[in-house]
>>> print(open('final-v8.txt').read())   # compact mmCIF, C-alpha atoms
# COMPACT_ATOMS: atom_id res chain seq x y z
CA MET U 177 -16.37 -2.33 1.69
CA ALA U 178 -14.15 -3.22 4.66
CA TYR U 179 -11.09 -1.85 2.90
CA ALA U 180 -12.64 1.60 2.53
CA VAL U 181 -13.66 1.66 6.21
CA ALA U 182 -10.13 0.66 7.19
CA LEU U 183 -8.61 3.35 4.99
CA GLU U 184 -10.88 5.96 6.50
CA ALA U 185 -10.00 4.84 10.03
CA LEU U 186 -6.33 5.22 9.13
CA GLY U 187 -6.91 8.70 7.74
CA ASP U 188 -6.28 10.07 11.23
CA GLY U 189 -2.72 10.69 12.40
CA THR U 190 -3.34 9.65 16.01
CA ARG U 191 -4.90 6.38 14.89
CA ARG U 192 -1.93 5.69 12.61
CA ALA U 193 0.38 6.34 15.58
CA ILE U 194 -1.67 3.88 17.66
CA MET U 195 -1.44 1.25 14.90
CA GLU U 196 2.30 1.79 14.69
CA GLN U 197 2.63 1.06 18.41
CA LEU U 198 0.43 -2.03 18.19
CA ARG U 199 2.49 -3.41 15.33
CA ARG U 200 5.40 -3.60 17.73
CA GLY U 201 3.31 -5.83 19.97
CA PRO U 202 0.02 -5.97 21.88
CA ARG U 203 -0.36 -3.53 24.79
CA PRO U 204 -2.90 -1.96 27.18
CA VAL U 205 -4.53 1.48 26.71
CA GLY U 206 -2.40 3.09 29.42
CA GLU U 207 0.81 2.18 27.67
CA ILE U 208 -0.49 3.42 24.32
CA ALA U 209 -1.65 6.73 25.83
CA ALA U 210 1.65 7.26 27.66
CA ALA U 211 3.48 7.44 24.35
CA LEU U 212 1.04 9.92 22.75
CA PRO U 213 0.17 13.57 23.35
CA VAL U 214 -3.54 12.74 23.80
CA SER U 215 -5.65 11.75 26.80
CA ARG U 216 -6.45 8.19 27.73
CA PRO U 217 -10.20 8.59 27.00
CA ALA U 218 -9.29 9.94 23.56
CA VAL U 219 -7.08 6.90 22.94
CA SER U 220 -9.95 4.63 24.01
CA GLN U 221 -12.21 6.39 21.52
CA HIS U 222 -9.67 5.92 18.71
CA LEU U 223 -9.26 2.26 19.65
CA ARG U 224 -13.03 1.84 19.34
CA VAL U 225 -12.94 3.24 15.78
CA LEU U 226 -10.01 0.97 14.85
CA LYS U 227 -11.80 -2.02 16.34
CA GLU U 228 -14.99 -1.26 14.40
CA ALA U 229 -12.91 -1.00 11.21
CA GLY U 230 -11.61 -4.52 11.92
CA LEU U 231 -8.02 -3.36 12.35
CA VAL U 232 -7.60 -4.01 16.07
CA THR U 233 -8.39 -6.88 18.42
CA GLN U 234 -9.07 -6.71 22.13
CA ARG U 235 -8.58 -9.37 24.81
CA LYS U 236 -8.85 -9.34 28.58
CA GLU U 237 -5.86 -10.09 30.74
CA GLY U 238 -7.02 -9.96 34.39
CA THR U 239 -8.63 -6.55 34.74
CA ARG U 240 -6.77 -5.02 31.81
CA ARG U 241 -7.78 -4.89 28.19
CA ILE U 242 -4.93 -5.64 25.82
CA TYR U 243 -5.11 -4.33 22.26
CA GLY U 244 -3.36 -5.81 19.26
CA VAL U 245 -3.41 -5.76 15.46
CA GLU U 246 -6.06 -7.88 13.78
CA GLN U 247 -4.03 -10.25 11.59
CA LYS U 248 -7.00 -11.02 9.41
CA ALA U 249 -7.11 -7.39 8.29
CA VAL U 250 -3.80 -7.87 6.50
CA ALA U 251 -5.04 -10.99 4.73
CA ASP U 252 -8.19 -9.10 3.70
CA LEU U 253 -6.14 -6.23 2.32
CA ARG U 254 -3.97 -8.62 0.33
CA ALA U 255 -7.04 -10.43 -1.02
CA TYR U 256 -8.55 -7.10 -1.99
CA PHE U 257 -5.50 -6.21 -4.09
CA ASP U 258 -5.34 -9.68 -5.59
CA SER U 259 -8.75 -9.18 -7.16
CA PHE U 260 -8.18 -5.49 -7.81
CA TRP U 261 -5.08 -6.12 -9.97
CA GLU U 262 -6.90 -8.80 -11.90
CA GLN U 263 -9.55 -6.25 -12.81
CA ALA U 264 -7.21 -3.31 -13.42
CA LEU U 265 -4.88 -5.33 -15.66
CA ALA U 266 -7.75 -6.25 -17.93
CA GLY U 267 -8.24 -2.53 -18.54
CA TYR U 268 -4.49 -2.10 -19.01
CA LYS U 269 -4.32 -4.89 -21.60
CA ALA U 270 -7.15 -3.33 -23.58
CA ALA U 271 -5.45 0.10 -23.51
CA ALA U 272 -2.01 -1.26 -24.46
CA GLU U 273 -3.37 -3.27 -27.39
CA ARG U 274 -5.61 -0.48 -28.62
CA LYS U 275 -2.65 1.90 -28.82
CA GLY U 276 -0.35 -0.80 -30.13
CA ARG U 277 -2.52 -1.40 -33.17
CA ARG U 278 -2.57 2.25 -34.07
CA GLU U 279 1.14 2.17 -34.94
CA MET G 34 8.41 -17.55 18.84
CA SER G 35 9.75 -17.24 15.35
CA SER G 36 6.32 -18.12 13.95
CA MET G 37 5.33 -14.55 14.83
CA GLN G 38 7.70 -13.37 12.10
CA THR G 39 4.99 -13.26 9.52
CA SER G 40 5.74 -13.53 5.85
CA ILE G 41 2.83 -12.84 3.57
CA GLU G 42 2.89 -14.01 0.01
CA ALA G 43 3.16 -11.32 -2.64
CA VAL G 44 0.27 -10.69 -5.02
CA ARG G 45 1.51 -11.85 -8.45
CA LYS G 46 -0.17 -11.41 -11.82
CA SER G 47 1.13 -12.21 -15.29
CA LEU G 48 -0.33 -11.50 -18.68
CA VAL G 49 0.73 -11.13 -22.31
CA VAL G 50 -0.22 -7.99 -24.21
CA GLU G 51 -0.06 -7.64 -27.98
CA CYS G 52 2.36 -4.76 -28.36
CA ASP G 53 6.10 -4.27 -27.92
CA PRO G 54 7.73 -3.81 -24.47
CA GLU G 55 8.34 -0.08 -25.09
CA ARG G 56 4.64 0.50 -25.67
CA ALA G 57 3.59 -1.82 -22.82
CA PHE G 58 5.88 0.06 -20.44
CA GLU G 59 4.68 3.47 -21.59
CA VAL G 60 1.00 2.61 -21.25
CA PHE G 61 1.56 1.24 -17.75
CA THR G 62 3.42 4.34 -16.55
CA ARG G 63 3.05 7.63 -18.46
CA GLU G 64 -0.42 6.72 -19.71
CA VAL G 65 -1.70 5.14 -16.50
CA GLY G 66 -4.60 7.62 -16.55
CA THR G 67 -5.99 6.05 -19.76
CA TRP G 68 -6.79 2.69 -18.15
CA TRP G 69 -6.76 3.08 -14.37
CA PRO G 70 -10.26 2.70 -12.83
CA LYS G 71 -9.78 6.15 -11.34
CA HIS G 72 -13.35 6.94 -10.44
CA THR G 73 -13.58 3.90 -8.19
CA HIS G 74 -9.96 3.34 -7.19
CA SER G 75 -8.42 6.61 -6.14
CA ILE G 76 -8.28 8.89 -3.15
CA GLY G 77 -10.51 11.57 -4.63
CA ASP G 78 -12.84 9.29 -6.66
CA GLU G 79 -15.13 11.61 -8.68
CA GLN G 80 -12.94 14.63 -8.03
CA ILE G 81 -9.91 13.17 -9.81
CA VAL G 82 -8.67 15.10 -12.84
CA GLU G 83 -5.49 13.25 -13.76
CA ILE G 84 -2.85 10.79 -12.61
CA VAL G 85 0.73 12.02 -12.93
CA PHE G 86 3.66 9.62 -13.20
CA GLU G 87 7.04 11.33 -12.81
CA GLU G 88 9.37 9.17 -14.86
CA ARG G 89 12.57 9.00 -12.82
CA ILE G 90 13.92 7.43 -9.65
CA GLY G 91 12.35 9.25 -6.71
CA GLY G 92 9.61 10.62 -8.98
CA ARG G 93 6.12 10.87 -7.54
CA ILE G 94 3.02 9.09 -8.71
CA PHE G 95 0.06 11.17 -7.68
CA GLU G 96 -3.50 12.05 -8.55
CA ARG G 97 -4.61 15.65 -9.02
CA LEU G 98 -8.09 16.62 -7.92
CA ASP G 99 -10.36 19.29 -9.40
CA ASN G 100 -9.62 21.55 -6.41
CA GLY G 101 -5.88 21.40 -7.11
CA ILE G 102 -5.09 19.04 -4.23
CA GLU G 103 -2.58 16.29 -5.00
CA GLY G 104 -2.89 12.85 -3.43
CA GLU G 105 0.33 10.87 -3.48
CA TRP G 106 0.29 7.15 -4.35
CA GLY G 107 3.98 6.43 -4.11
CA ARG G 108 7.47 7.06 -5.42
CA VAL G 109 9.55 5.48 -8.16
CA LEU G 110 12.20 3.17 -6.66
CA VAL G 111 13.55 1.46 -9.79
CA TRP G 112 13.31 2.97 -13.27
CA GLU G 113 14.61 0.80 -16.11
CA PRO G 114 12.43 1.36 -19.20
CA PRO G 115 11.28 -0.72 -20.95
CA ALA G 116 12.32 -3.72 -18.80
CA ARG G 117 10.95 -2.88 -15.37
CA PHE G 118 10.06 -0.31 -12.75
CA SER G 119 9.16 -0.47 -9.11
CA MET G 120 7.48 1.98 -6.80
CA SER G 121 6.46 2.38 -3.21
CA TRP G 122 2.72 2.16 -2.80
CA TYR G 123 0.76 4.05 -0.16
CA PRO G 124 -2.38 5.73 -1.60
CA GLY G 125 -4.32 7.14 1.33
CA HIS G 126 -1.64 6.02 3.76
CA ASP G 127 1.39 7.48 5.40
CA PRO G 128 4.60 6.73 3.40
CA SER G 129 5.83 4.73 6.41
CA GLU G 130 3.08 2.23 5.55
CA ALA G 131 4.19 1.62 1.99
CA THR G 132 4.01 -1.71 0.22
CA GLU G 133 5.97 -2.17 -3.01
CA LEU G 134 4.89 -2.67 -6.57
CA GLU G 135 7.22 -4.06 -9.22
CA VAL G 136 6.29 -4.57 -12.87
CA ARG G 137 8.56 -6.34 -15.39
CA PHE G 138 8.16 -6.32 -19.17
CA SER G 139 9.81 -8.92 -21.43
CA PRO G 140 9.37 -9.81 -25.12
CA GLU G 141 7.27 -12.92 -25.73
CA GLY G 142 6.52 -13.86 -29.33
CA ASP G 143 5.12 -10.76 -31.02
CA GLY G 144 3.95 -9.36 -27.74
CA THR G 145 5.11 -8.56 -24.24
CA ARG G 146 4.86 -10.57 -21.07
CA VAL G 147 3.96 -8.38 -18.10
CA ASP G 148 4.74 -9.68 -14.60
CA LEU G 149 3.35 -7.69 -11.71
CA GLU G 150 4.32 -8.24 -8.10
CA HIS G 151 2.76 -6.34 -5.21
CA ARG G 152 4.64 -7.22 -2.05
CA GLY G 153 5.61 -6.11 1.43
CA TRP G 154 2.32 -6.83 3.20
CA GLU G 155 4.34 -7.65 6.31
CA ILE G 156 4.45 -3.95 7.07
CA PHE G 157 0.83 -4.19 8.17
CA ALA G 158 1.30 -7.29 10.28
CA ALA G 159 1.75 -7.37 14.01
CA ARG G 160 4.87 -8.67 15.68
CA GLY G 161 4.95 -10.37 19.05
CA SER G 162 6.40 -8.30 21.86
CA GLU G 163 9.13 -10.93 22.24
CA ILE G 164 10.65 -9.85 18.97
CA ARG G 165 9.99 -6.17 19.51
CA ASP G 166 13.69 -5.31 19.38
CA ASN G 167 14.10 -6.95 15.99
CA TYR G 168 11.08 -5.14 14.76
CA ASP G 169 12.33 -1.78 15.95
CA THR G 170 15.52 -2.36 13.99
CA GLY G 171 13.53 -3.35 10.93
CA TRP G 172 11.31 -0.31 11.19
CA GLY G 173 14.34 1.96 11.49
CA GLU G 174 15.75 0.43 8.34
CA VAL G 175 12.54 1.08 6.44
CA LEU G 176 12.47 4.73 7.50
CA GLY G 177 16.19 5.04 6.84
CA TYR G 178 15.61 3.76 3.34
CA TYR G 179 13.04 6.46 2.70
CA THR G 180 15.33 9.14 4.03
CA GLU G 181 18.15 7.90 1.84
CA VAL G 182 16.10 7.78 -1.35
CA PHE G 183 13.90 10.81 -0.90
CA GLY G 184 15.50 12.91 1.82
>>> encode(input="final-v8.txt", output="structure tokens")
Amino acid sequence: MAYAVALEALGDGTRRAIMEQLRRGPRPVGEIAAALPVSRPAVSQHLRVLKEAGLVTQRKEGTRRIYGVEQKAVADLRAYFDSFWEQALAGYKAAAERKGRRE
Amino acid sequence: MSSMQTSIEAVRKSLVVECDPERAFEVFTREVGTWWPKHTHSIGDEQIVEIVFEERIGGRIFERLDNGIEGEWGRVLVWEPPARFSMSWYPGHDPSEATELEVRFSPEGDGTRVDLEHRGWEIFAARGSEIRDNYDTGWGEVLGYYTEVFG
């Protein structure tokens, strides 16, 4: 499931730091790397993982590649929880009523 | 471009359960482990032993794994039994990426109406660079809030 892939991608501190930067606005690799204690190739590698997880978008501006946050990922996450709560609350209702009757 | 200032609708669910608000509240919080789909919806999946809900403001909600490791889900922000509680929500995430869950319990007939709201999805959304300054302020406020409550 996309959500699990995204969670795994965000399990890395450097990738979370990259996402945090991108949330402040789209930017090129160089700018991202400059703010982090890791090399530019390492940042590119992390960006690839984030892109494969559907969390990051990439567009070309002249010769530069600009990275940004994939807005759809947020909608997907919200949709995931919308159906998750539906399911979980059914279990909750059953538990609450089972215990309620015992009294 | 103010349209970049994204607002994402909260996830809202309501249901009526056939028990009193005290019981409804208790099952949702202290007894969360009895109904939560923990083997499919947790950090440790099969390794999960229990879910602990510390019942006070600032209390942690966490899962304990069979190897003793604790995975934090969030912290209690509002604690008003049996009317409502709210908590930050960040299982598998850094606390700076928390959304917020609020659950309200009110008497309805012989049962209890439960209203759940899971909000704050904006924290995952991108902002345009043109409003970067605003965003930086907003982010500082979020972190400041955490420091204030849990620091």
>>> closest_atom_pairs(input="final-v8.txt", of="chain U", to="chain G", cutoff="8 Å", atoms="only C-alpha atoms", output="CSV")
residue,atom,partner,partner_atom,distance
U:Leu183,CA,G:Gly125,CA,6.8
U:Leu186,CA,G:His126,CA,7.2
U:Gly187,CA,G:Gly125,CA,7.1
U:Leu198,CA,G:Ala159,CA,6.9
U:Arg199,CA,G:Ala159,CA,4.2
U:Arg200,CA,G:Arg160,CA,5.5
U:Gly201,CA,G:Ser162,CA,4.4
U:Pro202,CA,G:Ser162,CA,6.8
U:Gly244,CA,G:Ala159,CA,7.5
U:Val245,CA,G:Ala159,CA,5.6
U:Glu246,CA,G:Ala159,CA,7.8
U:Gln247,CA,G:Ala158,CA,6.2
U:Val250,CA,G:Phe157,CA,6.1
U:Arg254,CA,G:Val44,CA,7.1
U:Phe257,CA,G:Val44,CA,7.4
U:Asp258,CA,G:Val44,CA,5.7
U:Trp261,CA,G:Lys46,CA,7.5
U:Glu262,CA,G:Lys46,CA,7.2
U:Ala264,CA,G:Trp69,CA,6.5
U:Gly267,CA,G:Trp68,CA,5.4
U:Tyr268,CA,G:Trp68,CA,5.4
U:Lys269,CA,G:Val50,CA,5.8
U:Ala271,CA,G:Trp68,CA,6.1
U:Ala272,CA,G:Val60,CA,5.9
U:Glu273,CA,G:Glu51,CA,5.5
U:Gly276,CA,G:Cys52,CA,5.1
U:Arg277,CA,G:Cys52,CA,7.6
>>> write_last_selection(input="final-v8.txt", atoms="C-alpha atoms", output="short mmCIF file (atom, residue, chain, number, x, y, z; two decimals), keeping the file's coordinate frame")
data_model
loop_
_atom_site.label_atom_id
_atom_site.label_comp_id
_atom_site.auth_asym_id
_atom_site.auth_seq_id
_atom_site.Cartn_x
_atom_site.Cartn_y
_atom_site.Cartn_z
CA LEU U 183 -8.61 3.35 4.99
CA LEU U 186 -6.33 5.22 9.13
CA GLY U 187 -6.91 8.70 7.74
CA LEU U 198 0.43 -2.03 18.19
CA ARG U 199 2.49 -3.41 15.33
CA ARG U 200 5.40 -3.60 17.73
CA GLY U 201 3.31 -5.83 19.97
CA PRO U 202 0.02 -5.97 21.88
CA GLY U 244 -3.36 -5.81 19.26
CA VAL U 245 -3.41 -5.76 15.46
CA GLU U 246 -6.06 -7.88 13.78
CA GLN U 247 -4.03 -10.25 11.59
CA VAL U 250 -3.80 -7.87 6.50
CA ARG U 254 -3.97 -8.62 0.33
CA PHE U 257 -5.50 -6.21 -4.09
CA ASP U 258 -5.34 -9.68 -5.59
CA TRP U 261 -5.08 -6.12 -9.97
CA GLU U 262 -6.90 -8.80 -11.90
CA ALA U 264 -7.21 -3.31 -13.42
CA GLY U 267 -8.24 -2.53 -18.54
CA TYR U 268 -4.49 -2.10 -19.01
CA LYS U 269 -4.32 -4.89 -21.60
CA ALA U 271 -5.45 0.10 -23.51
CA ALA U 272 -2.01 -1.26 -24.46
CA GLU U 273 -3.37 -3.27 -27.39
CA GLY U 276 -0.35 -0.80 -30.13
CA ARG U 277 -2.52 -1.40 -33.17
#
>>> residues_around(input="final-v8.txt", residues="Pro114 (chain G)", least_positions_apart="2", cutoff="10 Å", atoms="only C-alpha atoms", output="PDB file with C-alpha atoms, in the coordinates of the input")
ATOM      1  CA  PRO G  54       7.730  -3.810 -24.470  1.00  0.00           C
ATOM      2  CA  GLU G  55       8.340  -0.080 -25.090  1.00  0.00           C
ATOM      3  CA  PHE G  58       5.880   0.060 -20.440  1.00  0.00           C
ATOM      4  CA  GLU G  59       4.680   3.470 -21.590  1.00  0.00           C
ATOM      5  CA  THR G  62       3.420   4.340 -16.550  1.00  0.00           C
ATOM      6  CA  GLU G  88       9.370   9.170 -14.860  1.00  0.00           C
ATOM      7  CA  ARG G  89      12.570   9.000 -12.820  1.00  0.00           C
ATOM      8  CA  VAL G 111      13.550   1.460  -9.790  1.00  0.00           C
ATOM      9  CA  TRP G 112      13.310   2.970 -13.270  1.00  0.00           C
ATOM     10  CA  ALA G 116      12.320  -3.720 -18.800  1.00  0.00           C
ATOM     11  CA  ARG G 117      10.950  -2.880 -15.370  1.00  0.00           C
ATOM     12  CA  PHE G 118      10.060  -0.310 -12.750  1.00  0.00           C
ATOM     13  CA  ARG G 137       8.560  -6.340 -15.390  1.00  0.00           C
ATOM     14  CA  PHE G 138       8.160  -6.320 -19.170  1.00  0.00           C
TER      15      PHE G 138
END
>>> atom_distance(input="final-v8.txt", atom1="CA of Trp122 (chain G)", atom2="CA of Gly107 (chain G)")
4.6 Å
>>> atom_distance(input="final-v8.txt", atom1="CA of Arg203 (chain U)", atom2="CA of Pro128 (chain G)")
24.2 Å
>>> atom_distance(input="final-v8.txt", atom1="CA of Ala249 (chain U)", atom2="CA of Gly230 (chain U)")
6.5 Å
>>> closest_residue(input="final-v8.txt", among="U:Ala210, U:Ala270, U:Ile194, U:Val205", to="Gln234 (chain U)", atoms="all atoms listed in the file")
U:Val205
>>> residues_around(input="final-v8.txt", residues="Ile84 (chain G)", least_positions_apart="2", cutoff="7 Å", atoms="only C-alpha atoms", output="PDB file with C-alpha atoms, keeping the file's coordinate frame")
ATOM      1  CA  VAL G  65      -1.700   5.140 -16.500  1.00  0.00           C
ATOM      2  CA  GLY G  66      -4.600   7.620 -16.550  1.00  0.00           C
ATOM      3  CA  PHE G  86       3.660   9.620 -13.200  1.00  0.00           C
ATOM      4  CA  PHE G  95       0.060  11.170  -7.680  1.00  0.00           C
ATOM      5  CA  GLU G  96      -3.500  12.050  -8.550  1.00  0.00           C
ATOM      6  CA  ARG G  97      -4.610  15.650  -9.020  1.00  0.00           C
TER       7      ARG G  97
END
>>> closest_residue(input="final-v8.txt", among="U:Thr190, U:Gln197, U:Ser215, U:Ser259", to="Tyr243 (chain U)", atoms="all atoms listed in the file")
U:Gln197
>>> residues_near_point(input="final-v8.txt", point="(12.4, 8.2, -7.6)", cutoff="9 Å", atoms="all atoms listed in the file", output="PDB file with C-alpha atoms, in the frame of the given file")
ATOM      1  CA  GLU G  87       7.040  11.330 -12.810  1.00  0.00           C
ATOM      2  CA  GLU G  88       9.370   9.170 -14.860  1.00  0.00           C
ATOM      3  CA  ARG G  89      12.570   9.000 -12.820  1.00  0.00           C
ATOM      4  CA  ILE G  90      13.920   7.430  -9.650  1.00  0.00           C
ATOM      5  CA  GLY G  91      12.350   9.250  -6.710  1.00  0.00           C
ATOM      6  CA  GLY G  92       9.610  10.620  -8.980  1.00  0.00           C
ATOM      7  CA  ARG G  93       6.120  10.870  -7.540  1.00  0.00           C
ATOM      8  CA  ARG G 108       7.470   7.060  -5.420  1.00  0.00           C
ATOM      9  CA  VAL G 109       9.550   5.480  -8.160  1.00  0.00           C
ATOM     10  CA  LEU G 110      12.200   3.170  -6.660  1.00  0.00           C
ATOM     11  CA  VAL G 111      13.550   1.460  -9.790  1.00  0.00           C
ATOM     12  CA  TRP G 112      13.310   2.970 -13.270  1.00  0.00           C
ATOM     13  CA  MET G 120       7.480   1.980  -6.800  1.00  0.00           C
ATOM     14  CA  VAL G 182      16.100   7.780  -1.350  1.00  0.00           C
ATOM     15  CA  PHE G 183      13.900  10.810  -0.900  1.00  0.00           C
TER      16      PHE G 183
END
>>> residues_near_point(input="final-v8.txt", point="(-4.3, 18.4, -2.3)", cutoff="12 Å", atoms="all atoms listed in the file", output="PyMOL selection string")
chain G and resi 76-77+80-82+95-105+125
>>> decode(input="final-v8.txt", residues="region 125-152 of chain G", atoms="N, CA and C atoms", output="PDB file, in the first residue's frame")
ATOM      1  N   GLY G 125       4.972   6.413  13.769  1.00  0.00           N
ATOM      2  CA  GLY G 125       5.936   6.206  12.696  1.00  0.00           C
ATOM      3  C   GLY G 125       6.517   7.481  12.120  1.00  0.00           C
ATOM      4  N   HIS G 126       6.109   8.611  12.695  1.00  0.00           N
ATOM      5  CA  HIS G 126       6.610   9.898  12.209  1.00  0.00           C
ATOM      6  C   HIS G 126       7.374  10.609  13.314  1.00  0.00           C
ATOM      7  N   ASP G 127       8.009  11.705  12.910  1.00  0.00           N
ATOM      8  CA  ASP G 127       8.619  12.590  13.880  1.00  0.00           C
ATOM      9  C   ASP G 127       7.485  13.429  14.508  1.00  0.00           C
ATOM     10  N   PRO G 128       7.582  13.747  15.822  1.00  0.00           N
ATOM     11  CA  PRO G 128       6.517  14.554  16.446  1.00  0.00           C
ATOM     12  C   PRO G 128       6.260  15.886  15.736  1.00  0.00           C
ATOM     13  N   SER G 129       7.251  16.384  14.994  1.00  0.00           N
ATOM     14  CA  SER G 129       7.033  17.647  14.277  1.00  0.00           C
ATOM     15  C   SER G 129       6.051  17.451  13.123  1.00  0.00           C
ATOM     16  N   GLU G 130       5.726  16.193  12.808  1.00  0.00           N
ATOM     17  CA  GLU G 130       4.789  15.921  11.716  1.00  0.00           C
ATOM     18  C   GLU G 130       3.458  15.403  12.255  1.00  0.00           C
ATOM     19  N   ALA G 131       3.072  15.906  13.420  1.00  0.00           N
ATOM     20  CA  ALA G 131       1.850  15.415  14.041  1.00  0.00           C
ATOM     21  C   ALA G 131       0.590  16.016  13.419  1.00  0.00           C
ATOM     22  N   THR G 132      -0.422  15.176  13.260  1.00  0.00           N
ATOM     23  CA  THR G 132      -1.772  15.663  13.013  1.00  0.00           C
ATOM     24  C   THR G 132      -2.457  15.602  14.379  1.00  0.00           C
ATOM     25  N   GLU G 133      -3.759  15.926  14.432  1.00  0.00           N
ATOM     26  CA  GLU G 133      -4.425  15.947  15.723  1.00  0.00           C
ATOM     27  C   GLU G 133      -5.733  15.173  15.676  1.00  0.00           C
ATOM     28  N   LEU G 134      -5.944  14.406  16.730  1.00  0.00           N
ATOM     29  CA  LEU G 134      -7.161  13.615  16.836  1.00  0.00           C
ATOM     30  C   LEU G 134      -7.968  14.116  18.021  1.00  0.00           C
ATOM     31  N   GLU G 135      -9.258  14.409  17.788  1.00  0.00           N
ATOM     32  CA  GLU G 135     -10.122  14.802  18.896  1.00  0.00           C
ATOM     33  C   GLU G 135     -11.355  13.909  18.885  1.00  0.00           C
ATOM     34  N   VAL G 136     -11.735  13.397  20.056  1.00  0.00           N
ATOM     35  CA  VAL G 136     -12.926  12.559  20.142  1.00  0.00           C
ATOM     36  C   VAL G 136     -13.816  13.116  21.253  1.00  0.00           C
ATOM     37  N   ARG G 137     -15.097  13.345  20.898  1.00  0.00           N
ATOM     38  CA  ARG G 137     -16.063  13.890  21.864  1.00  0.00           C
ATOM     39  C   ARG G 137     -17.150  12.849  22.142  1.00  0.00           C
ATOM     40  N   PHE G 138     -17.603  12.810  23.380  1.00  0.00           N
ATOM     41  CA  PHE G 138     -18.606  11.834  23.804  1.00  0.00           C
ATOM     42  C   PHE G 138     -19.771  12.589  24.444  1.00  0.00           C
ATOM     43  N   SER G 139     -20.996  12.395  23.935  1.00  0.00           N
ATOM     44  CA  SER G 139     -22.143  13.080  24.534  1.00  0.00           C
ATOM     45  C   SER G 139     -23.326  12.120  24.624  1.00  0.00           C
ATOM     46  N   PRO G 140     -24.137  12.253  25.706  1.00  0.00           N
ATOM     47  CA  PRO G 140     -25.277  11.347  25.871  1.00  0.00           C
ATOM     48  C   PRO G 140     -26.269  11.522  24.724  1.00  0.00           C
ATOM     49  N   GLU G 141     -26.774  10.434  24.210  1.00  0.00           N
ATOM     50  CA  GLU G 141     -27.833  10.487  23.197  1.00  0.00           C
ATOM     51  C   GLU G 141     -28.762   9.310  23.444  1.00  0.00           C
ATOM     52  N   GLY G 142     -29.990   9.631  23.893  1.00  0.00           N
ATOM     53  CA  GLY G 142     -30.929   8.572  24.267  1.00  0.00           C
ATOM     54  C   GLY G 142     -30.320   7.747  25.396  1.00  0.00           C
ATOM     55  N   ASP G 143     -30.335   6.425  25.220  1.00  0.00           N
ATOM     56  CA  ASP G 143     -29.735   5.544  26.230  1.00  0.00           C
ATOM     57  C   ASP G 143     -28.256   5.291  25.955  1.00  0.00           C
ATOM     58  N   GLY G 144     -27.799   5.861  24.875  1.00  0.00           N
ATOM     59  CA  GLY G 144     -26.414   5.583  24.484  1.00  0.00           C
ATOM     60  C   GLY G 144     -25.535   6.824  24.473  1.00  0.00           C
ATOM     61  N   THR G 145     -24.480   6.755  23.700  1.00  0.00           N
ATOM     62  CA  THR G 145     -23.516   7.841  23.629  1.00  0.00           C
ATOM     63  C   THR G 145     -23.167   8.127  22.175  1.00  0.00           C
ATOM     64  N   ARG G 146     -23.215   9.420  21.854  1.00  0.00           N
ATOM     65  CA  ARG G 146     -22.801   9.812  20.509  1.00  0.00           C
ATOM     66  C   ARG G 146     -21.301  10.080  20.558  1.00  0.00           C
ATOM     67  N   VAL G 147     -20.580   9.485  19.625  1.00  0.00           N
ATOM     68  CA  VAL G 147     -19.127   9.647  19.560  1.00  0.00           C
ATOM     69  C   VAL G 147     -18.798  10.405  18.270  1.00  0.00           C
ATOM     70  N   ASP G 148     -18.149  11.570  18.423  1.00  0.00           N
ATOM     71  CA  ASP G 148     -17.735  12.358  17.255  1.00  0.00           C
ATOM     72  C   ASP G 148     -16.218  12.400  17.201  1.00  0.00           C
ATOM     73  N   LEU G 149     -15.690  11.866  16.114  1.00  0.00           N
ATOM     74  CA  LEU G 149     -14.228  11.826  15.954  1.00  0.00           C
ATOM     75  C   LEU G 149     -13.804  12.812  14.869  1.00  0.00           C
ATOM     76  N   GLU G 150     -12.760  13.541  15.147  1.00  0.00           N
ATOM     77  CA  GLU G 150     -12.226  14.464  14.139  1.00  0.00           C
ATOM     78  C   GLU G 150     -10.710  14.293  14.085  1.00  0.00           C
ATOM     79  N   HIS G 151     -10.220  13.985  12.909  1.00  0.00           N
ATOM     80  CA  HIS G 151      -8.774  13.833  12.692  1.00  0.00           C
ATOM     81  C   HIS G 151      -8.363  14.940  11.736  1.00  0.00           C
ATOM     82  N   ARG G 152      -7.628  15.913  12.244  1.00  0.00           N
ATOM     83  CA  ARG G 152      -7.377  17.131  11.465  1.00  0.00           C
ATOM     84  C   ARG G 152      -5.886  17.515  11.461  1.00  0.00           C
TER      85      ARG G 152
END
